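Next comes protein14.txt, a file with compact mmCIF, C-alpha atoms and all ligand atoms.
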# COMPACT_ATOMS: atom_id res chain seq x y z
CA MET Z 855 139.90 75.07 84.74
CA GLY Z 856 137.17 72.42 84.57
CA SER Z 857 136.39 70.51 87.79
CA PHE Z 858 135.89 66.88 88.51
CA LEU Z 859 132.93 65.96 90.65
CA ILE Z 860 133.53 64.14 93.91
CA ASP Z 861 130.89 61.43 93.78
CA GLY Z 862 129.64 61.17 97.37
CA LYS Z 863 127.10 58.49 96.47
CA ALA Z 864 129.76 56.15 95.03
CA ILE Z 865 132.19 56.67 97.93
CA ALA Z 866 129.38 56.27 100.49
CA SER Z 867 128.37 53.03 98.83
CA ARG Z 868 131.95 51.76 99.19
CA VAL Z 869 131.95 52.73 102.89
CA ARG Z 870 128.62 50.94 103.41
CA GLY Z 871 130.13 47.84 101.77
CA GLU Z 872 133.04 47.91 104.24
CA VAL Z 873 130.63 48.39 107.14
CA GLY Z 874 128.56 45.44 105.89
CA GLU Z 875 131.68 43.22 105.99
CA ARG Z 876 132.49 44.29 109.54
CA VAL Z 877 128.87 43.74 110.64
CA LYS Z 878 129.01 40.22 109.21
CA HIS Z 879 132.25 39.53 111.01
CA LEU Z 880 130.79 40.78 114.30
CA ALA Z 881 127.58 38.81 113.83
CA ASP Z 882 129.63 35.63 113.28
CA ARG Z 883 131.65 36.19 116.45
CA TRP Z 884 129.02 37.80 118.70
CA ARG Z 885 125.88 39.47 117.35
CA ALA Z 886 124.91 42.23 114.91
CA PRO Z 887 125.53 45.79 116.17
CA HIS Z 888 122.44 47.57 117.49
CA LEU Z 889 121.70 51.25 116.84
CA ALA Z 890 118.96 52.89 118.94
CA VAL Z 891 117.54 56.14 117.58
CA VAL Z 892 115.53 58.47 119.83
CA LEU Z 893 112.94 60.65 118.11
CA VAL Z 894 111.04 63.18 120.21
CA GLY Z 895 108.06 65.02 118.71
CA ASP Z 896 106.68 65.10 115.20
CA ASN Z 897 109.03 67.33 113.21
CA PRO Z 898 108.54 65.94 109.66
CA ALA Z 899 112.18 66.56 108.60
CA SER Z 900 113.42 64.69 111.70
CA ALA Z 901 111.05 61.79 110.99
CA THR Z 902 112.39 61.55 107.42
CA TYR Z 903 116.04 61.59 108.61
CA VAL Z 904 115.29 58.92 111.21
CA SER Z 905 113.60 56.61 108.73
CA SER Z 906 116.49 56.91 106.26
CA LYS Z 907 119.01 56.14 109.03
CA ASP Z 908 116.89 53.18 110.09
CA ARG Z 909 116.70 51.86 106.51
CA ALA Z 910 120.41 52.35 105.86
CA ALA Z 911 121.30 50.53 109.08
CA ARG Z 912 119.11 47.54 108.23
CA GLU Z 913 120.57 47.37 104.71
CA VAL Z 914 124.03 46.66 106.13
CA GLY Z 915 122.73 44.21 108.75
CA ILE Z 916 122.76 46.56 111.75
CA THR Z 917 119.80 46.08 114.10
CA ALA Z 918 118.00 49.43 114.27
CA THR Z 919 115.29 50.44 116.72
CA THR Z 920 113.50 53.77 116.84
CA HIS Z 921 112.25 54.97 120.22
CA ARG Z 922 109.54 57.62 119.85
CA LEU Z 923 108.33 60.07 122.47
CA PRO Z 924 105.58 62.66 121.94
CA ALA Z 925 106.42 66.38 121.54
CA SER Z 926 104.88 66.85 125.00
CA ALA Z 927 107.54 64.58 126.62
CA SER Z 928 109.27 66.20 129.58
CA GLU Z 929 113.04 66.41 129.94
CA PRO Z 930 113.06 63.75 132.71
CA GLU Z 931 111.16 61.40 130.37
CA VAL Z 932 113.68 61.91 127.57
CA LEU Z 933 116.59 61.53 129.99
CA GLY Z 934 115.00 58.37 131.42
CA LEU Z 935 114.77 56.78 127.97
CA VAL Z 936 118.35 57.72 127.04
CA ARG Z 937 119.69 56.39 130.36
CA ARG Z 938 117.78 53.11 129.92
CA LEU Z 939 119.29 52.67 126.46
CA GLY Z 940 122.68 53.59 127.91
CA GLN Z 941 122.44 50.74 130.41
CA ASP Z 942 121.01 48.24 127.92
CA GLY Z 943 123.74 45.70 127.15
CA GLU Z 944 122.11 44.93 123.79
CA VAL Z 945 122.46 48.52 122.53
CA ASP Z 946 125.81 49.60 121.04
CA GLY Z 947 125.01 53.04 119.61
CA ILE Z 948 122.54 55.76 120.62
CA LEU Z 949 121.54 58.68 118.43
CA VAL Z 950 119.21 61.40 119.66
CA GLN Z 951 117.69 63.14 116.66
CA LEU Z 952 118.03 66.92 116.97
CA PRO Z 953 116.43 69.37 117.36
CA LEU Z 954 114.60 68.46 120.55
CA PRO Z 955 111.32 70.23 121.42
CA ALA Z 956 111.51 73.47 123.41
CA GLY Z 957 111.82 72.75 127.11
CA VAL Z 958 114.13 69.75 126.64
CA ASP Z 959 117.79 70.73 127.08
CA ALA Z 960 119.73 69.05 124.26
CA GLU Z 961 123.07 69.38 126.05
CA ARG Z 962 121.78 67.56 129.13
CA VAL Z 963 120.27 64.82 126.97
CA LEU Z 964 123.48 64.36 124.93
CA GLU Z 965 125.49 64.18 128.15
CA ALA Z 966 123.27 61.30 129.32
CA ILE Z 967 124.53 59.10 126.47
CA PRO Z 968 127.49 56.97 127.59
CA PRO Z 969 130.45 58.30 125.53
CA HIS Z 970 131.23 54.83 124.13
CA LYS Z 971 127.69 54.66 122.65
CA ASP Z 972 127.66 58.25 121.38
CA VAL Z 973 127.64 57.54 117.63
CA ASP Z 974 127.00 61.21 116.78
CA GLY Z 975 130.21 62.18 118.61
CA LEU Z 976 128.56 65.08 120.45
CA HIS Z 977 129.17 64.04 124.07
CA PRO Z 978 131.70 66.40 125.73
CA THR Z 979 134.01 63.43 126.36
CA ASN Z 980 134.21 62.67 122.64
CA VAL Z 981 134.52 66.38 121.81
CA GLY Z 982 137.45 66.58 124.25
CA LEU Z 983 139.12 63.40 122.97
CA LEU Z 984 138.94 64.71 119.41
CA ALA Z 985 140.43 68.04 120.50
CA ALA Z 986 143.20 66.14 122.30
CA GLY Z 987 143.94 64.16 119.14
CA ARG Z 988 142.94 60.87 120.81
CA PRO Z 989 140.67 58.11 119.44
CA ALA Z 990 137.02 59.17 119.72
CA LEU Z 991 133.62 58.74 118.16
CA VAL Z 992 133.63 61.67 115.73
CA PRO Z 993 130.62 63.61 114.32
CA CYS Z 994 129.49 61.87 111.14
CA THR Z 995 129.47 64.74 108.64
CA PRO Z 996 133.04 66.00 109.17
CA ALA Z 997 134.35 62.43 109.42
CA GLY Z 998 132.61 61.75 106.11
CA VAL Z 999 134.25 64.81 104.57
CA VAL Z 1000 137.73 63.56 105.52
CA ARG Z 1001 136.91 60.21 103.95
CA LEU Z 1002 135.70 61.95 100.76
CA LEU Z 1003 138.94 63.94 100.57
CA LYS Z 1004 141.14 60.90 101.15
CA GLU Z 1005 139.25 58.73 98.67
CA SER Z 1006 139.66 61.52 96.12
CA GLY Z 1007 143.44 61.47 96.60
CA VAL Z 1008 143.66 64.94 98.17
CA VAL Z 1009 146.86 65.38 100.17
CA LEU Z 1010 145.94 67.15 103.40
CA ALA Z 1011 149.33 67.27 105.12
CA GLY Z 1012 150.63 70.81 104.77
CA ALA Z 1013 147.59 71.96 102.74
CA ARG Z 1014 146.02 75.35 103.48
CA ALA Z 1015 142.47 74.43 104.53
CA VAL Z 1016 139.68 76.91 105.24
CA VAL Z 1017 136.51 75.88 107.09
CA LEU Z 1018 133.47 78.13 106.92
CA GLY Z 1019 131.28 77.69 110.01
CA ARG Z 1020 132.14 76.78 113.61
CA SER Z 1021 129.16 74.70 114.79
CA GLN Z 1022 129.63 71.82 117.23
CA LEU Z 1023 128.11 69.50 114.65
CA VAL Z 1024 130.25 70.37 111.62
CA GLY Z 1025 132.63 73.34 111.64
CA LYS Z 1026 134.58 72.75 114.86
CA PRO Z 1027 135.08 68.99 114.52
CA MET Z 1028 135.91 69.56 110.83
CA ALA Z 1029 138.72 71.92 111.81
CA GLN Z 1030 140.01 69.41 114.41
CA LEU Z 1031 140.00 66.56 111.92
CA LEU Z 1032 141.84 68.60 109.28
CA LEU Z 1033 144.37 69.62 111.90
CA ALA Z 1034 144.82 65.95 112.83
CA GLU Z 1035 145.61 65.35 109.14
CA ASN Z 1036 148.32 68.05 109.41
CA ALA Z 1037 146.51 70.65 107.29
CA THR Z 1038 147.02 74.32 108.18
CA VAL Z 1039 143.51 75.30 109.20
CA THR Z 1040 141.67 78.63 109.22
CA VAL Z 1041 138.12 78.79 110.58
CA CYS Z 1042 135.75 81.54 109.41
CA HIS Z 1043 132.41 82.42 111.01
CA SER Z 1044 129.75 85.10 110.99
CA ARG Z 1045 132.14 87.71 112.44
CA THR Z 1046 135.04 87.04 110.07
CA ARG Z 1047 136.18 90.13 108.16
CA ASP Z 1048 137.05 89.90 104.46
CA GLU Z 1049 136.00 86.28 104.31
CA HIS Z 1050 136.49 86.10 100.55
CA LEU Z 1051 140.21 86.84 101.06
CA GLU Z 1052 140.51 83.95 103.53
CA VAL Z 1053 138.71 81.65 101.10
CA ARG Z 1054 140.96 82.81 98.28
CA ARG Z 1055 143.96 81.32 100.13
CA ALA Z 1056 142.32 77.90 100.51
CA GLU Z 1057 143.71 74.87 98.76
CA VAL Z 1058 140.94 72.92 100.45
CA LEU Z 1059 137.67 74.70 101.27
CA VAL Z 1060 134.95 73.14 103.43
CA SER Z 1061 131.80 75.24 103.72
CA ALA Z 1062 129.26 74.49 106.48
CA VAL Z 1063 127.31 77.70 106.87
CA GLY Z 1064 123.73 77.17 105.68
CA LYS Z 1065 123.49 80.20 103.37
CA PRO Z 1066 122.50 79.54 99.76
CA GLU Z 1067 125.34 80.26 97.31
CA LEU Z 1068 127.20 82.52 99.74
CA VAL Z 1069 130.57 81.56 98.22
CA ARG Z 1070 131.02 82.98 94.72
CA GLY Z 1071 133.30 81.70 91.99
CA ASP Z 1072 135.77 84.57 92.30
CA TRP Z 1073 136.38 83.67 95.97
CA ILE Z 1074 137.83 80.30 94.93
CA ALA Z 1075 141.53 79.87 94.16
CA GLU Z 1076 142.32 78.29 90.82
CA GLY Z 1077 142.77 74.52 91.39
CA ALA Z 1078 141.21 74.41 94.90
CA VAL Z 1079 139.25 71.46 96.28
CA VAL Z 1080 135.74 72.53 97.32
CA ILE Z 1081 133.58 70.55 99.74
CA ASP Z 1082 130.10 71.97 100.18
CA VAL Z 1083 128.32 70.73 103.32
CA GLY Z 1084 125.48 73.26 103.12
CA ILE Z 1085 121.97 72.12 102.27
CA ASN Z 1086 119.79 75.09 101.42
CA ARG Z 1087 116.83 76.13 99.30
CA ARG Z 1088 117.65 78.67 96.61
CA PRO Z 1089 115.28 81.60 97.16
CA SER Z 1090 114.77 82.20 93.42
CA ASP Z 1091 113.44 78.72 92.50
CA GLY Z 1092 113.16 76.78 95.77
CA LYS Z 1093 115.62 74.12 94.53
CA LEU Z 1094 118.25 72.48 96.77
CA CYS Z 1095 121.62 74.16 96.67
CA GLY Z 1096 124.78 74.39 98.71
CA ASP Z 1097 126.67 77.26 100.32
CA VAL Z 1098 128.80 77.51 97.19
CA CYS Z 1099 127.59 78.79 93.83
CA PHE Z 1100 128.34 75.54 92.04
CA ASP Z 1101 128.37 76.73 88.42
CA GLU Z 1102 130.79 79.53 89.17
CA ALA Z 1103 133.04 77.52 91.51
CA ALA Z 1104 133.24 74.61 89.07
CA GLN Z 1105 135.04 76.95 86.63
CA ARG Z 1106 137.96 77.30 89.04
CA ALA Z 1107 138.01 74.31 91.40
CA ARG Z 1108 139.98 71.14 90.69
CA LEU Z 1109 137.53 68.95 92.59
CA ILE Z 1110 134.07 69.87 93.88
CA THR Z 1111 131.13 68.16 95.61
CA PRO Z 1112 127.64 68.59 94.19
CA VAL Z 1113 124.57 69.35 96.34
CA PRO Z 1114 122.77 67.00 96.58
CA GLY Z 1115 124.89 63.85 96.10
CA GLY Z 1116 128.14 65.04 97.69
CA VAL Z 1117 128.55 65.17 101.44
CA GLY Z 1118 124.97 64.12 102.31
CA PRO Z 1119 125.29 60.39 101.50
CA MET Z 1120 128.56 60.22 103.48
CA THR Z 1121 126.90 61.39 106.68
CA ILE Z 1122 124.69 58.32 106.97
CA ALA Z 1123 127.48 55.98 105.82
CA GLN Z 1124 129.67 57.40 108.57
CA LEU Z 1125 126.90 56.90 111.15
CA LEU Z 1126 126.89 53.21 110.25
CA TRP Z 1127 130.67 53.21 110.48
CA ASN Z 1128 130.55 54.77 113.97
CA THR Z 1129 127.92 52.22 115.06
CA VAL Z 1130 130.00 49.24 114.01
CA GLN Z 1131 133.07 50.82 115.58
CA ALA Z 1132 131.18 51.30 118.88
CA ALA Z 1133 130.04 47.66 118.79
CA GLU Z 1134 133.54 46.34 118.02
CA ARG Z 1135 134.90 48.39 120.90
CA ARG Z 1136 132.24 47.02 123.26
CA LEU Z 1137 133.08 43.48 122.27
CA GLU Z 1138 136.81 44.16 122.86
CA THR Z 1139 136.06 45.55 126.32
CA GLY Z 1140 133.77 42.68 127.29
CA GLY Z 1141 130.41 44.18 126.25
CA ARG Z 1142 130.25 46.68 129.15
CA GLY Z 1143 127.10 48.79 129.68
N1 LIG Z 1201 125.22 67.23 104.21
C1 LIG Z 1201 124.96 66.89 105.46
O1 LIG Z 1201 124.88 65.70 105.79
C2 LIG Z 1201 124.82 67.94 106.49
C3 LIG Z 1201 124.96 67.64 107.84
C4 LIG Z 1201 124.89 68.68 108.77
C5 LIG Z 1201 124.64 69.97 108.34
N2 LIG Z 1201 124.44 70.21 106.99
C6 LIG Z 1201 124.20 71.56 106.49
O2 LIG Z 1201 125.37 72.33 106.71
C7 LIG Z 1201 125.03 73.69 106.99
C8 LIG Z 1201 125.63 74.08 108.32
O3 LIG Z 1201 125.10 73.26 109.33
P1 LIG Z 1201 125.40 73.52 110.89
O4 LIG Z 1201 124.60 72.55 111.66
O5 LIG Z 1201 126.88 73.59 111.09
O6 LIG Z 1201 124.76 75.00 111.01
P2 LIG Z 1201 124.73 76.03 112.22
O7 LIG Z 1201 124.77 75.34 113.53
O8 LIG Z 1201 123.64 76.99 111.91
O9 LIG Z 1201 126.13 76.81 112.08
C9 LIG Z 1201 126.38 77.67 111.01
C10 LIG Z 1201 127.75 78.26 111.19
O10 LIG Z 1201 127.99 79.13 110.08
C11 LIG Z 1201 128.55 80.33 110.57
N3 LIG Z 1201 128.28 81.43 109.65
C12 LIG Z 1201 127.19 82.20 109.51
N4 LIG Z 1201 127.37 83.10 108.52
C13 LIG Z 1201 128.62 82.88 108.04
C14 LIG Z 1201 129.38 83.47 107.03
N5 LIG Z 1201 128.93 84.47 106.29
N6 LIG Z 1201 130.62 82.96 106.82
C15 LIG Z 1201 131.12 81.95 107.54
N7 LIG Z 1201 130.43 81.36 108.53
C16 LIG Z 1201 129.20 81.82 108.77
C17 LIG Z 1201 127.93 80.55 111.93
O11 LIG Z 1201 128.81 81.40 112.63
P3 LIG Z 1201 128.58 81.89 114.16
O12 LIG Z 1201 129.08 80.77 114.99
O13 LIG Z 1201 129.41 83.11 114.23
O14 LIG Z 1201 127.10 82.14 114.30
C18 LIG Z 1201 127.91 79.11 112.46
O15 LIG Z 1201 129.11 78.78 113.09
C19 LIG Z 1201 123.51 73.74 106.91
O16 LIG Z 1201 123.13 74.10 105.60
C20 LIG Z 1201 123.10 72.29 107.18
O17 LIG Z 1201 121.84 71.98 106.59
C21 LIG Z 1201 124.54 69.23 106.08
So that I can check it, write out the structure of this file as structure tokens.
Ligand SMILES: NC(=O)c1ccc[n+]([C@@H]2O[C@H](COP(=O)([O-])OP(=O)(O)OC[C@H]3O[C@@H](n4cnc5c(N)ncnc54)[C@H](OP(=O)(O)O)[C@@H]3O)[C@@H](O)[C@H]2O)c1
Amino acid sequence: MGSFLIDGKAIASRVRGEVGERVKHLADRWRAPHLAVVLVGDNPASATYVSSKDRAAREVGITATTHRLPASASEPEVLGLVRRLGQDGEVDGILVQLPLPAGVDAERVLEAIPPHKDVDGLHPTNVGLLAAGRPALVPCTPAGVVRLLKESGVVLAGARAVVLGRSQLVGKPMAQLLLAENATVTVCHSRTRDEHLEVRRAEVLVSAVGKPELVRGDWIAEGAVVIDVGINRRPSDGKLCGDVCFDEAAQRARLITPVPGGVGPMTIAQLLWNTVQAAERRLETGGRG
């Protein structure tokens, strides 16, 4: 079976267009949404991510500010900045770029973000709301995956879905979101036995492991939908690749995401979506905090 590519760039561009409309509507009634990004230290990958988020936000009319602290910043300094942004009535969304330098406890910092401004969806309140099946700000990557699946016409209700990985950032919220869509969800992790047999049963496979080409073509069921969240370097040539061996999987899957150009563009689009949603919610509730 030949696969069709799920074009993450095209779908992300559609999402950004919708966000742009909502930003315009908000700006007409109130003001543009404001995303504050906190960057601690000088990790080059983090700096690149932050500047692309900043650029993407500006492109849709969201006000974006980056708040930098040196790698030597203490935990109280980072907490102080996050709390100030939390109390700032002009700020609708706060994103703390991870990882934080050693000595700064990420969990404590994330908990200092008011849940209604937590556009990464990592505050325990949002994690709990998602688990309870209630409206929440949801981590951007898994939310983007659901959007990709829906836009591609994949029926999730009743589908056998397998998620590889159980991180707070991707795997766990992914499983919750698929469950909320009435899929039958299996989660695999580093201790799963006979993982290829679990994957073989998947009608929808989402891999978020971080191991280059772990998933081989013969793991994939004929006609499955394959979403590859992984971003890795292939040891043999140093090129970007996913968790799934694309050439092999494409022989069997019905739909498949490429790496790059699949899930990646959706993550930023969904961050913009979460920011506008947080701002709309603040306007509805009288612009609190
Ligand atoms: N495209 C994007 O926008 C985007 C966004 C975020 C992340 N990513 C990429 O997605 C990947 C995962 O990210 P993450 O933050 O979730 O990583 P992470 O925090 O390192 O978590 C990896 C997860 O994979 C599990 N795992 C390890 N070996 C496994 C195996 N053989 N089979 C199944 N599960 C296994 C681990 O299990 P244990 O819990 O048992 O250790 C863990 O739960 C990375 O490549 C990352 O770069 C991409």
- [ ] Identify which of the residues Z:Val1060, Z:Ala901, Z:Ala986, Z:Ala890 lies closest to Leu949 (chain Z), counting all atoms listed in the file when measuring atom-to-atom distances.
- [x]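 Of the candidates, the smallest distance to Leu949 (chain Z) is held by Z:Ala890.
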Enumerate, in order of chain and increasing residue number, the residues of region 924-1036 of chain Z with an atom no farther than 12 Å from region 897-900 of chain Z, each with its shortest atom pair and distance in Å to one decimal, counting all atoms listed in the file, as CSV.
residue,atom,partner,partner_atom,distance
Z:Pro924,CA,Z:Asn897,CA,10.5
Z:Ala925,CA,Z:Asn897,CA,8.8
Z:Val950,CA,Z:Ser900,CA,10.4
Z:Gln951,CA,Z:Ser900,CA,6.7
Z:Leu952,CA,Z:Ser900,CA,7.3
Z:Pro953,CA,Z:Ser900,CA,7.9
Z:Leu954,CA,Z:Asn897,CA,9.3
Z:Pro955,CA,Z:Asn897,CA,9.0
TODO: Can you tell me which residues come within 9 Å of ligand LIG 1201 (chain Z) when counting all atoms listed in the file, ideally as a PyMOL selection string?
DONE: chain Z and resi 994-996+998+1017-1026+1041-1046+1049+1061-1066+1068-1069+1082-1086+1096-1097+1113-1122
Residues from the last selection, C-alpha atoms, saved as an mmCIF file, in the frame of the given file:
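Writing the result to part22.cif gives the following:
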data_model
loop_
_atom_site.group_PDB
_atom_site.id
_atom_site.type_symbol
_atom_site.label_atom_id
_atom_site.label_comp_id
_atom_site.auth_asym_id
_atom_site.auth_seq_id
_atom_site.Cartn_x
_atom_site.Cartn_y
_atom_site.Cartn_z
ATOM 1 C CA CYS Z 994 129.490 61.870 111.140
ATOM 2 C CA THR Z 995 129.470 64.740 108.640
ATOM 3 C CA PRO Z 996 133.040 66.000 109.170
ATOM 4 C CA GLY Z 998 132.610 61.750 106.110
ATOM 5 C CA VAL Z 1017 136.510 75.880 107.090
ATOM 6 C CA LEU Z 1018 133.470 78.130 106.920
ATOM 7 C CA GLY Z 1019 131.280 77.690 110.010
ATOM 8 C CA ARG Z 1020 132.140 76.780 113.610
ATOM 9 C CA SER Z 1021 129.160 74.700 114.790
ATOM 10 C CA GLN Z 1022 129.630 71.820 117.230
ATOM 11 C CA LEU Z 1023 128.110 69.500 114.650
ATOM 12 C CA VAL Z 1024 130.250 70.370 111.620
ATOM 13 C CA GLY Z 1025 132.630 73.340 111.640
ATOM 14 C CA LYS Z 1026 134.580 72.750 114.860
ATOM 15 C CA VAL Z 1041 138.120 78.790 110.580
ATOM 16 C CA CYS Z 1042 135.750 81.540 109.410
ATOM 17 C CA HIS Z 1043 132.410 82.420 111.010
ATOM 18 C CA SER Z 1044 129.750 85.100 110.990
ATOM 19 C CA ARG Z 1045 132.140 87.710 112.440
ATOM 20 C CA THR Z 1046 135.040 87.040 110.070
ATOM 21 C CA GLU Z 1049 136.000 86.280 104.310
ATOM 22 C CA SER Z 1061 131.800 75.240 103.720
ATOM 23 C CA ALA Z 1062 129.260 74.490 106.480
ATOM 24 C CA VAL Z 1063 127.310 77.700 106.870
ATOM 25 C CA GLY Z 1064 123.730 77.170 105.680
ATOM 26 C CA LYS Z 1065 123.490 80.200 103.370
ATOM 27 C CA PRO Z 1066 122.500 79.540 99.760
ATOM 28 C CA LEU Z 1068 127.200 82.520 99.740
ATOM 29 C CA VAL Z 1069 130.570 81.560 98.220
ATOM 30 C CA ASP Z 1082 130.100 71.970 100.180
ATOM 31 C CA VAL Z 1083 128.320 70.730 103.320
ATOM 32 C CA GLY Z 1084 125.480 73.260 103.120
ATOM 33 C CA ILE Z 1085 121.970 72.120 102.270
ATOM 34 C CA ASN Z 1086 119.790 75.090 101.420
ATOM 35 C CA GLY Z 1096 124.780 74.390 98.710
ATOM 36 C CA ASP Z 1097 126.670 77.260 100.320
ATOM 37 C CA VAL Z 1113 124.570 69.350 96.340
ATOM 38 C CA PRO Z 1114 122.770 67.000 96.580
ATOM 39 C CA GLY Z 1115 124.890 63.850 96.100
ATOM 40 C CA GLY Z 1116 128.140 65.040 97.690
ATOM 41 C CA VAL Z 1117 128.550 65.170 101.440
ATOM 42 C CA GLY Z 1118 124.970 64.120 102.310
ATOM 43 C CA PRO Z 1119 125.290 60.390 101.500
ATOM 44 C CA MET Z 1120 128.560 60.220 103.480
ATOM 45 C CA THR Z 1121 126.900 61.390 106.680
ATOM 46 C CA ILE Z 1122 124.690 58.320 106.970
#
Quick one: residues within 6 Å of region 1127-1135 of chain Z, only C-alpha atoms, excluding same-chain residues fewer than 4 positions away - as a PDB file with C-alpha atoms, keeping the file's coordinate frame?
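Once written, part-v5.pdb looks like this:
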ATOM      1  CA  VAL Z 873     130.630  48.390 107.140  1.00  0.00           C
ATOM      2  CA  PRO Z 887     125.530  45.790 116.170  1.00  0.00           C
ATOM      3  CA  ASP Z 946     125.810  49.600 121.040  1.00  0.00           C
ATOM      4  CA  GLY Z 947     125.010  53.040 119.610  1.00  0.00           C
ATOM      5  CA  VAL Z 973     127.640  57.540 117.630  1.00  0.00           C
TER       6      VAL Z 973
END
Open item on the list: Nearest residue to Ile865 (chain Z) out of Z:Leu1002, Z:Ala1056, Z:Val1016, Z:Leu1031, using all atoms listed in the file?
Closed with: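 Residue with the minimum atom-to-atom distance to Ile865 (chain Z): Z:Leu1002.
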Open item on the list: I need the residue nearest Arg1054 (chain Z) from this list: Z:Arg1001, Z:His921, Z:Arg1087, Z:Arg1014. Use all atoms listed in the file for the distance.
Closed with: Z:Arg1014
